Every structure is written in structure tokens, then in C-alpha cells.
Amino acid sequence: MMEFDLTGKTALVTGGGRGIGRAIAIGLARAGARVIVADIDAGNAAVVAGEIAAQGTASHGLPMDVSRVDDIDRGFAAIDDQGWPLDIAVLAAGVLRAKPLLDHTEDDWKFMSEVNLKGTFFTLQAAARRMVKSGQGAILTLSSTSAFVASRVPEILYDVTKGGIRQMTVSAAAELAPHGVRVNALAPGTIVTDFNRATLDTPDKIASAESRLPMGRLGGPDDVVGAAVFLCSPAAGYVTGHLLAVDGGRLTRSG
């Protein structure tokens, strides 16, 4: 379907070296986009870019630490030097420290907020500056069902930062819409990746997580790809400020 065709588009995916970010980067490439895979781990970024290139789609690995604004600026300058106008930005870089409220430290707050909130904001800003100049673009942030309900295990700082990303998306969408730039968010539920594998390391923990899901199974990174491609494509050309849950029905239940 032509509405989902991203041929000729250039996409940046932060956190693209593994997990959900990697799956989205590969999915955008399969839809035809050139993909810049950005990750704090330069090796992972290069590996995923190589996988995409092996499929016959142009790709480039880019080391980027989104907790540092100077590193974001350096990364976007490198993108500019490639001569590829930025059409799509997927902001998937994120971190997690799962602790109860009473155990969190100031260092935990700084670590989580600098990557999840500060990193998302300044990456979004850098992408928006370029898209506003061109009069078009699609930005996709990664929030979570934890922006609506408490996480399955105590992860209050994660919940707070993902709630912040939810509101960041709405506010940015309202401000950027007159410039032709759409901003939406995905809210994945329990998607099994290296990111959260430690909280799902026993059969009992897996069974407990699955019991909350009407679909009866945990998700994988590939379950997120279709929604991401849709929101970044012309098929979603009249969609902005929306948060799309990809959660196996998790938010249909209060418990």
C-alpha cells in the first residue's frame, strides 16, 4: 500500500542498537526508508546498520549519548553532513532502574531523568528544528502504558519519566502542527527485551505478567513495529498528538 511506503525518506532511530529501537529501525527500512541507527553503544549501532544495509537499504550507524546535549548536537551535525534531509525521528533511547519509591536515590533520579526526559526533549528539539525548516516531518516518541497506570513491579521513576514523555508529545504536537510536523507516541506494554528481562526471569514472574493481559501473552519487539511504521507514514498524515498503546489489552483492565 502506497500510504505506508517510506521510499526516499530518511529516518533517525535513537536507541536503535537493540530491543524495540532495533526492531523499529529494521521495520522502517523494510518500508523503504534510509535509516540512521543512533545508540550510546557504537558497536550495536554499527551492527544494526549493517543488518539493514545487507537488506539493500542505505543505513548509517551513529554513536549518540542522548543524556548529553553536546552529543545530540554532534550527532545531528553528522546527519546534516550526510546530506540526507530528516523526515522521521523515532526517539526510542531510554533507561530503567526498577526500585521501590523508598529505595531511590538522587543518582537514580538524575540517571533516569537525564536519559528519558532530557534526552527525549533535546533530541525532539533538534529533529523539530530541521523539520520546521523543511515544512514536514514525523516524530515518534516512546512512552509506555506506565504513563497511565503503575508498572507491574515498583518502577516509580520510570513511570514518572514515561508520563512526562506522554505530555511532552502532546504539547510538542500542538506547537509543531502549524509547521507541518506531526508528533505521536507509542505506549508499549510488557515487551520482553534485555531492558526488562531481569523482572521476567522466573516462570512465576512471567505467569504473573501474562495474567494481566487479555491477550494472554507477553509482547516482543516485532509487535511494536507495525504501529511505529503506521505513525511515521503518510497513512497517519492526519494523526498528531496521539499516544497509541501496543499492550495486548493491558489498559483495558484496572488491576
# chains A, B, ... in the order shown; residues from 1 in each chain; ligands from 1
>>> closest_atom_pairs(of="segment 139-176 of chain A", to="segment 202-222 of chain A", cutoff="12 Å", atoms="only C-alpha atoms", output="tab-separated table")
residue	atom	partner	partner_atom	distance
A:Ser151	CA	A:Ala209	CA	10.5
A:Arg152	CA	A:Ala209	CA	7.3
A:Val153	CA	A:Ala209	CA	9.5
>>> write_last_selection(atoms="N, CA and C atoms", output="CSV table (one decimal), in the first residue's frame")
chain,number,residue,atom,x,y,z
A,151,SER,N,3.5,0.6,37.0
A,151,SER,CA,4.2,-0.5,36.5
A,151,SER,C,3.9,-1.8,37.3
A,152,ARG,N,4.0,-2.9,36.6
A,152,ARG,CA,3.8,-4.2,37.2
A,152,ARG,C,4.6,-4.4,38.5
A,153,VAL,N,5.9,-4.0,38.4
A,153,VAL,CA,6.8,-4.1,39.6
A,153,VAL,C,7.1,-2.6,39.9
>>> residues_around(residues="Ala187 of chain A", least_positions_apart="6", cutoff="9 Å", atoms="only C-alpha atoms", output="list of chain:residue names")
A:Thr141, A:Leu142, A:Ser143, A:Ser144, A:Thr145, A:Ser146, A:Ala147, A:Lys162, A:Arg166, A:Leu243, A:Leu244, A:Ala245, A:Val246, A:Asp247
>>> write_last_selection(atoms="N, CA and C atoms", output="PDB file, in the first residue's frame")
ATOM      1  N   THR A 141       7.760   9.411  19.708  1.00  0.00           N
ATOM      2  CA  THR A 141       8.401   9.183  20.996  1.00  0.00           C
ATOM      3  C   THR A 141       7.981   7.818  21.536  1.00  0.00           C
ATOM      4  N   LEU A 142       8.739   7.339  22.524  1.00  0.00           N
ATOM      5  CA  LEU A 142       8.415   6.066  23.177  1.00  0.00           C
ATOM      6  C   LEU A 142       8.011   6.356  24.616  1.00  0.00           C
ATOM      7  N   SER A 143       6.701   6.350  24.846  1.00  0.00           N
ATOM      8  CA  SER A 143       6.180   6.443  26.194  1.00  0.00           C
ATOM      9  C   SER A 143       5.973   5.013  26.689  1.00  0.00           C
ATOM     10  N   SER A 144       4.895   4.748  27.391  1.00  0.00           N
ATOM     11  CA  SER A 144       4.659   3.422  27.954  1.00  0.00           C
ATOM     12  C   SER A 144       3.250   3.384  28.528  1.00  0.00           C
ATOM     13  N   THR A 145       2.714   2.180  28.697  1.00  0.00           N
ATOM     14  CA  THR A 145       1.480   2.069  29.460  1.00  0.00           C
ATOM     15  C   THR A 145       1.686   2.544  30.890  1.00  0.00           C
ATOM     16  N   SER A 146       2.947   2.609  31.325  1.00  0.00           N
ATOM     17  CA  SER A 146       3.267   3.130  32.659  1.00  0.00           C
ATOM     18  C   SER A 146       3.029   4.630  32.763  1.00  0.00           C
ATOM     19  N   ALA A 147       2.711   5.273  31.645  1.00  0.00           N
ATOM     20  CA  ALA A 147       2.294   6.675  31.683  1.00  0.00           C
ATOM     21  C   ALA A 147       0.839   6.806  32.127  1.00  0.00           C
ATOM     22  N   LYS A 162       8.050   8.332  31.871  1.00  0.00           N
ATOM     23  CA  LYS A 162       7.213   7.977  30.725  1.00  0.00           C
ATOM     24  C   LYS A 162       5.935   8.824  30.695  1.00  0.00           C
ATOM     25  N   ARG A 166       4.771  11.364  27.652  1.00  0.00           N
ATOM     26  CA  ARG A 166       3.394  11.443  27.133  1.00  0.00           C
ATOM     27  C   ARG A 166       2.965  12.895  26.979  1.00  0.00           C
ATOM     28  N   LEU A 243      -1.292   9.041  21.423  1.00  0.00           N
ATOM     29  CA  LEU A 243      -0.493   8.012  22.067  1.00  0.00           C
ATOM     30  C   LEU A 243      -1.175   6.672  21.822  1.00  0.00           C
ATOM     31  N   LEU A 244      -0.493   5.812  21.083  1.00  0.00           N
ATOM     32  CA  LEU A 244      -1.062   4.533  20.664  1.00  0.00           C
ATOM     33  C   LEU A 244      -0.508   3.411  21.547  1.00  0.00           C
ATOM     34  N   ALA A 245      -1.387   2.779  22.298  1.00  0.00           N
ATOM     35  CA  ALA A 245      -0.978   1.676  23.166  1.00  0.00           C
ATOM     36  C   ALA A 245      -0.800   0.403  22.356  1.00  0.00           C
ATOM     37  N   VAL A 246       0.319  -0.261  22.584  1.00  0.00           N
ATOM     38  CA  VAL A 246       0.608  -1.562  21.977  1.00  0.00           C
ATOM     39  C   VAL A 246       0.876  -2.491  23.154  1.00  0.00           C
ATOM     40  N   ASP A 247      -0.203  -3.052  23.704  1.00  0.00           N
ATOM     41  CA  ASP A 247      -0.104  -3.597  25.063  1.00  0.00           C
ATOM     42  C   ASP A 247      -0.858  -4.893  25.303  1.00  0.00           C
TER      43      ASP A 247
END
>>> closest_residue(among="A:Leu186, A:Ile20, A:Ala33, A:Val149", to="Gly8 of chain A", atoms="only C-alpha atoms")
A:Ala33
>>> select_by_dssp(residues="segment 72-176 of chain A", states="helix (DSSP H, G or I)", output="ChimeraX atom specification")
/A:72-82,101-103,106-134,145-147,156-176
>>> residues_around(residues="Ile26 of chain A", least_positions_apart="2", cutoff="12 Å", atoms="only C-alpha atoms", output="PyMOL selection string")
chain A and resi 11-13+16-24+28-37+45+47-59+221-222+224-226+228-229
>>> write_last_selection(atoms="C-alpha atoms", output="mmCIF file, in the first residue's frame")
data_model
loop_
_atom_site.group_PDB
_atom_site.id
_atom_site.type_symbol
_atom_site.label_atom_id
_atom_site.label_comp_id
_atom_site.auth_asym_id
_atom_site.auth_seq_id
_atom_site.Cartn_x
_atom_site.Cartn_y
_atom_site.Cartn_z
ATOM 1 C CA ALA A 11 14.675 8.192 9.474
ATOM 2 C CA LEU A 12 16.679 8.573 12.661
ATOM 3 C CA VAL A 13 16.119 5.998 15.406
ATOM 4 C CA GLY A 16 18.308 1.744 17.701
ATOM 5 C CA GLY A 17 21.037 -0.666 18.708
ATOM 6 C CA ARG A 18 18.804 -3.166 20.462
ATOM 7 C CA GLY A 19 15.313 -4.039 21.653
ATOM 8 C CA ILE A 20 12.343 -2.027 20.461
ATOM 9 C CA GLY A 21 14.543 0.597 18.801
ATOM 10 C CA ARG A 22 16.336 -2.041 16.734
ATOM 11 C CA ALA A 23 13.050 -3.619 15.637
ATOM 12 C CA ILE A 24 11.625 -0.250 14.587
ATOM 13 C CA LEU A 28 11.300 1.411 8.776
ATOM 14 C CA ALA A 29 13.998 0.138 6.436
ATOM 15 C CA ARG A 30 11.692 -2.620 5.177
ATOM 16 C CA ALA A 31 9.139 0.104 4.424
ATOM 17 C CA GLY A 32 11.780 1.778 2.239
ATOM 18 C CA ALA A 33 13.383 4.413 4.488
ATOM 19 C CA ARG A 34 17.073 5.163 4.776
ATOM 20 C CA VAL A 35 17.788 4.659 8.465
ATOM 21 C CA ILE A 36 20.338 6.299 10.739
ATOM 22 C CA VAL A 37 20.749 3.992 13.720
ATOM 23 C CA ALA A 45 24.549 0.858 16.160
ATOM 24 C CA VAL A 47 25.734 -3.934 13.718
ATOM 25 C CA VAL A 48 22.101 -2.920 13.173
ATOM 26 C CA ALA A 49 23.084 -0.521 10.371
ATOM 27 C CA GLY A 50 24.951 -3.404 8.774
ATOM 28 C CA GLU A 51 21.905 -5.659 9.041
ATOM 29 C CA ILE A 52 19.801 -3.023 7.311
ATOM 30 C CA ALA A 53 22.395 -2.439 4.600
ATOM 31 C CA ALA A 54 22.522 -6.186 3.953
ATOM 32 C CA GLN A 55 18.804 -5.972 3.083
ATOM 33 C CA GLY A 56 19.685 -3.468 0.362
ATOM 34 C CA THR A 57 18.641 -0.277 2.158
ATOM 35 C CA ALA A 58 21.024 2.586 2.914
ATOM 36 C CA SER A 59 21.871 2.873 6.600
ATOM 37 C CA PRO A 221 9.837 -6.015 19.837
ATOM 38 C CA ASP A 222 8.323 -7.024 16.488
ATOM 39 C CA VAL A 224 5.599 -2.734 18.081
ATOM 40 C CA VAL A 225 6.868 -2.326 14.532
ATOM 41 C CA GLY A 226 3.577 -2.074 12.620
ATOM 42 C CA ALA A 228 5.535 2.587 14.550
ATOM 43 C CA VAL A 229 5.619 2.384 10.765
#
>>> closest_residue(among="A:Lys133, A:Ala173, A:Pro63, A:Gly249", to="Asp39 of chain A", atoms="only C-alpha atoms")
A:Pro63
>>> select_by_dssp(residues="segment 25-195 of chain A", states="strand (DSSP E)", output="PyMOL selection string")
chain A and resi 34-39+59-63+88-91+137-142+181-188
>>> atom_distance(atom1="atom CA of Asp107 of chain A", atom2="atom CA of Ala127 of chain A")
28.4 Å
>>> residues_around(residues="Ala126 of chain A", least_positions_apart="6", cutoff="12 Å", atoms="only C-alpha atoms", output="list in words")
Leu12, Val66, Val69, Asp70, Asp71, Ile72, Asp73, Arg74, Gly75, Phe76, Ala77, Ile79, Asp80, Leu86, Ala89, Leu91, Gly119, Thr120, Val132, Lys133 and Ile139 of chain A
>>> atom_distance(atom1="atom CA of Gly164 of chain A", atom2="atom CA of Gly137 of chain A")
22.1 Å
>>> residues_around(residues="Val239 of chain A", least_positions_apart="3", cutoff="12 Å", atoms="only C-alpha atoms", output="compact mmCIF listing (two decimals) with C-alpha atoms, in the first residue's frame")
# COMPACT_ATOMS: atom_id res chain seq x y z
CA ALA A 138 7.07 12.87 11.69
CA ILE A 139 8.41 12.45 15.22
CA LEU A 140 7.62 9.37 17.28
CA VAL A 170 1.00 16.24 23.29
CA ALA A 173 2.30 18.14 18.66
CA ALA A 174 0.19 21.21 19.32
CA ALA A 177 1.36 21.07 13.80
CA GLY A 180 3.66 20.51 9.09
CA VAL A 181 5.37 18.37 11.71
CA ARG A 182 3.45 15.54 13.38
CA VAL A 183 4.38 14.22 16.84
CA ASN A 184 2.95 10.99 18.21
CA ALA A 185 3.89 8.40 20.81
CA PHE A 230 1.98 3.50 10.60
CA LEU A 231 2.54 6.60 12.75
CA CYS A 232 5.64 7.57 10.75
CA SER A 233 3.98 7.03 7.37
CA PRO A 234 1.65 9.06 5.13
CA ALA A 235 -1.13 6.71 6.27
CA ALA A 236 -1.14 8.68 9.55
CA HIS A 242 -1.84 10.69 19.73
CA LEU A 243 -0.49 8.01 22.07
CA LEU A 244 -1.06 4.53 20.66
>>> closest_residue(among="A:Ser67, A:Gln136, A:Gln167, A:Thr10", to="Lys118 of chain A", atoms="only C-alpha atoms")
A:Ser67
